[in-house]
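A.B. asks: The structure's right below; bear with me while I get my questions together.
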Amino acid sequence: MQIAQIRVSDVPLWAVAALWGAAAGGLLPRAAYRFAVPAGERWRDQCSRGHALRGWLGPARCGECARGGARGGARGGAQGGARLSAPRYAAESSHARPATPAATATAAPSGPLLSIATALTCAALAAATGTRPELAVWLLLAPVGVLLAAIDFRVQRLPDPLTLPLAAAALVLLCPAALLPEHAGHWLGALYGALALGAGYFVLFLVNPAGMGFGDVKLAVGMGAVLGWYGWSTLLLGAFAGFLLGALYGGALVVARRAGRRTAIPFGPFLLAGALAGLLIGAYAA
């Protein structure tokens, strides 16, 4: 009964977290549209009708399109610029093989879907973490995780401008959280978790570069930090959950005859989903 009362009293916290997630998710469509380009190409700098896109937050559609403006510029938004060199492709691609034409559709991402996904993620984190100081860190990182999942699902790519700052932000933001009272984790655990999970994924990348992209390795560093905050058991649980979810998804595609055994699938969303599952359990049990 006491647990039920505590949970009911936390409902306002969940609501605030959900509102934050909905607002933050509503700002993601433009970044998702600009980053979701085939591996080896520059980020989009134009909308689908050829108008220049400025900034990274807000709706995918530009102001001129919203006002019914005509097509502008010689280049369309489908490609967004010249091709990149091979080293950048290899460094930023989530997988070694290029995305298929079906995966490179230029339709703008769903703003409501991103908003709902971020709101649910933030509400779940608030429910599991409560009023502990690390909740602020999780709420700040959650929109970036949703954005990365959306991009990787669309074009099998995890951009460096998102994965690398995510890892650094996790460690930097958890440092002051570790100095505040009532925190339930350890900063050194976050650091060791980042190194351990990043190193583990790097070994997998060296063993099978076709099945594990270097973008996954960089994302694993950030996920290792948030999972390691609550200890090694949480880190192992989150890592295992990511592989399990990815295997179930791939198996379902094979059973449905929508993919073969060697078909590349975006692993970033499952790495993120597994980390979220481990983080929720770790935060609730802390």
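Identifiers for the structure tokens are assigned positionally: chains receive A, B, ... in sequence, residues are indexed from 1 per chain, and ligands are indexed from 1 in the order shown.
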With a distance cut-off of 10 Å and only C-alpha atoms, select the neighbouring residues of Leu174 (chain A), excluding the residue or stretch itself and same-chain residues fewer than 3 positions from it, and output the selection as JSON, numbers by chain.
C.D. replies: {"A": [133, 134, 135, 136, 137, 138, 169, 170, 171, 177, 178, 179, 183, 185, 186, 187, 188, 190, 191, 225, 226, 229]}
A.B. asks: Go ahead and save the picked residues with C-alpha atoms, as a compact mmCIF listing (two decimals), in the first residue's frame.
C.D. replies:
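Output below, filename out22.txt:
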```txt
# COMPACT_ATOMS: atom_id res chain seq x y z
CA PRO A 133 19.16 13.96 -9.45
CA GLU A 134 20.20 11.67 -12.29
CA LEU A 135 16.66 11.94 -13.68
CA ALA A 136 17.56 15.36 -15.11
CA VAL A 137 20.40 13.72 -17.05
CA TRP A 138 18.14 10.98 -18.43
CA ALA A 169 27.32 14.70 -22.36
CA ALA A 170 26.42 11.57 -20.41
CA LEU A 171 29.74 11.59 -18.55
CA ALA A 177 24.67 14.48 -10.36
CA ALA A 178 27.11 12.34 -8.38
CA LEU A 179 27.80 15.31 -6.08
CA HIS A 183 21.75 10.06 -6.15
CA GLY A 185 24.73 5.72 -8.92
CA HIS A 186 28.48 6.20 -9.23
CA TRP A 187 30.33 8.36 -11.73
CA LEU A 188 33.29 6.00 -11.91
CA ALA A 190 29.60 5.35 -15.64
CA LEU A 191 33.14 5.91 -16.85
CA ALA A 225 27.96 5.42 -19.45
CA VAL A 226 24.27 5.60 -18.55
CA TRP A 229 25.99 4.52 -13.53
```
A.B. asks: From a backbone DSSP assignment, name each residue in region 6-245 of chain A labelled strand (DSSP E or B), as a JSON list (two decimals) with C-alpha atoms, in the first residue's frame.
C.D. replies:
```
[["chain", "number", "residue", "atom", "x", "y", "z"],
["A", 41, "GLU", "CA", 26.28, 11.87, -48.46],
["A", 46, "GLN", "CA", 17.29, 21.88, -48.36],
["A", 52, "ALA", "CA", 17.13, 26.24, -47.89],
["A", 83, "ARG", "CA", 29.09, 13.06, -51.68],
["A", 93, "SER", "CA", 27.78, 4.54, -41.11],
["A", 157, "ARG", "CA", 23.29, 5.55, -40.15]]
```
A.B. asks: Fewer than 3 positions away in the same chain doesn't count, so skip those; otherwise give me all residues within 10 Å of region 142-146 of chain A, counting only C-alpha atoms, as a ChimeraX atom specification.
C.D. replies: /A:20-28,32,114-115,117-119,121-122,125,137-139,149-151,162-163,165-166,219,222-223,268-269,272-273,276
A.B. asks: Gly193 (chain A): which residues within 7 Å, counting only C-alpha atoms, same-chain residues fewer than 2 positions away excluded, as an NGL selection string?
C.D. replies: :A and (189-191 or 195-197 or 224-225 or 227-228 or 235)
A.B. asks: What is the distance, in Å and to one decimal place, between CA of Ala168 (chain A) and CA of Leu140 (chain A)?
C.D. replies: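 CA of Leu140 (chain A) lies 12.8 Å from CA of Ala168 (chain A).
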A.B. asks: Work out how far apart CA of Ala31 (chain A) and CA of Ala18 (chain A) are and give it in Å to one decimal.
C.D. replies: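 Pair CA of Ala31 (chain A) / CA of Ala18 (chain A) returns 20.6 Å.
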A.B. asks: Expressed in Å to a single decimal, how great is the separation between CA of Val255 (chain A) and CA of Ser110 (chain A)?
C.D. replies: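 Between these atoms lies a distance of 28.1 Å.
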A.B. asks: Closest to Thr234 (chain A) among A:Val221, A:Leu271, A:Ala264, A:Leu280, using only C-alpha atoms?
C.D. replies: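 Nearest candidate to Thr234 (chain A) out of A:Val221, A:Leu271, A:Ala264, A:Leu280: A:Leu280.
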A.B. asks: Using only C-alpha atoms, determine which residues lie at most 8 Å from Glu182 (chain A), disregarding the query and same-chain residues fewer than 2 positions distant; provide the list as an MDAnalysis selection string.
C.D. replies: chainID A and resid 132:133 180 184
A.B. asks: Suppose we keep N, CA and C atoms; can you now write the selection as a PDB file, in the first residue's frame?
C.D. replies:
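Once everything was written out, this is selection01.pdb:
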```pdb
ATOM      1  N   ARG A 132      15.348  11.436  -7.950  1.00  0.00           N
ATOM      2  CA  ARG A 132      16.805  11.421  -7.815  1.00  0.00           C
ATOM      3  C   ARG A 132      17.435  12.339  -8.861  1.00  0.00           C
ATOM      4  N   PRO A 133      18.578  12.939  -8.562  1.00  0.00           N
ATOM      5  CA  PRO A 133      19.159  13.965  -9.449  1.00  0.00           C
ATOM      6  C   PRO A 133      19.527  13.457 -10.833  1.00  0.00           C
ATOM      7  N   LEU A 180      25.380  15.507  -5.868  1.00  0.00           N
ATOM      8  CA  LEU A 180      24.134  15.902  -5.225  1.00  0.00           C
ATOM      9  C   LEU A 180      23.635  14.797  -4.303  1.00  0.00           C
ATOM     10  N   ALA A 184      21.717   7.744  -6.864  1.00  0.00           N
ATOM     11  CA  ALA A 184      21.762   6.303  -6.635  1.00  0.00           C
ATOM     12  C   ALA A 184      22.825   5.599  -7.470  1.00  0.00           C
TER      13      ALA A 184
END
```
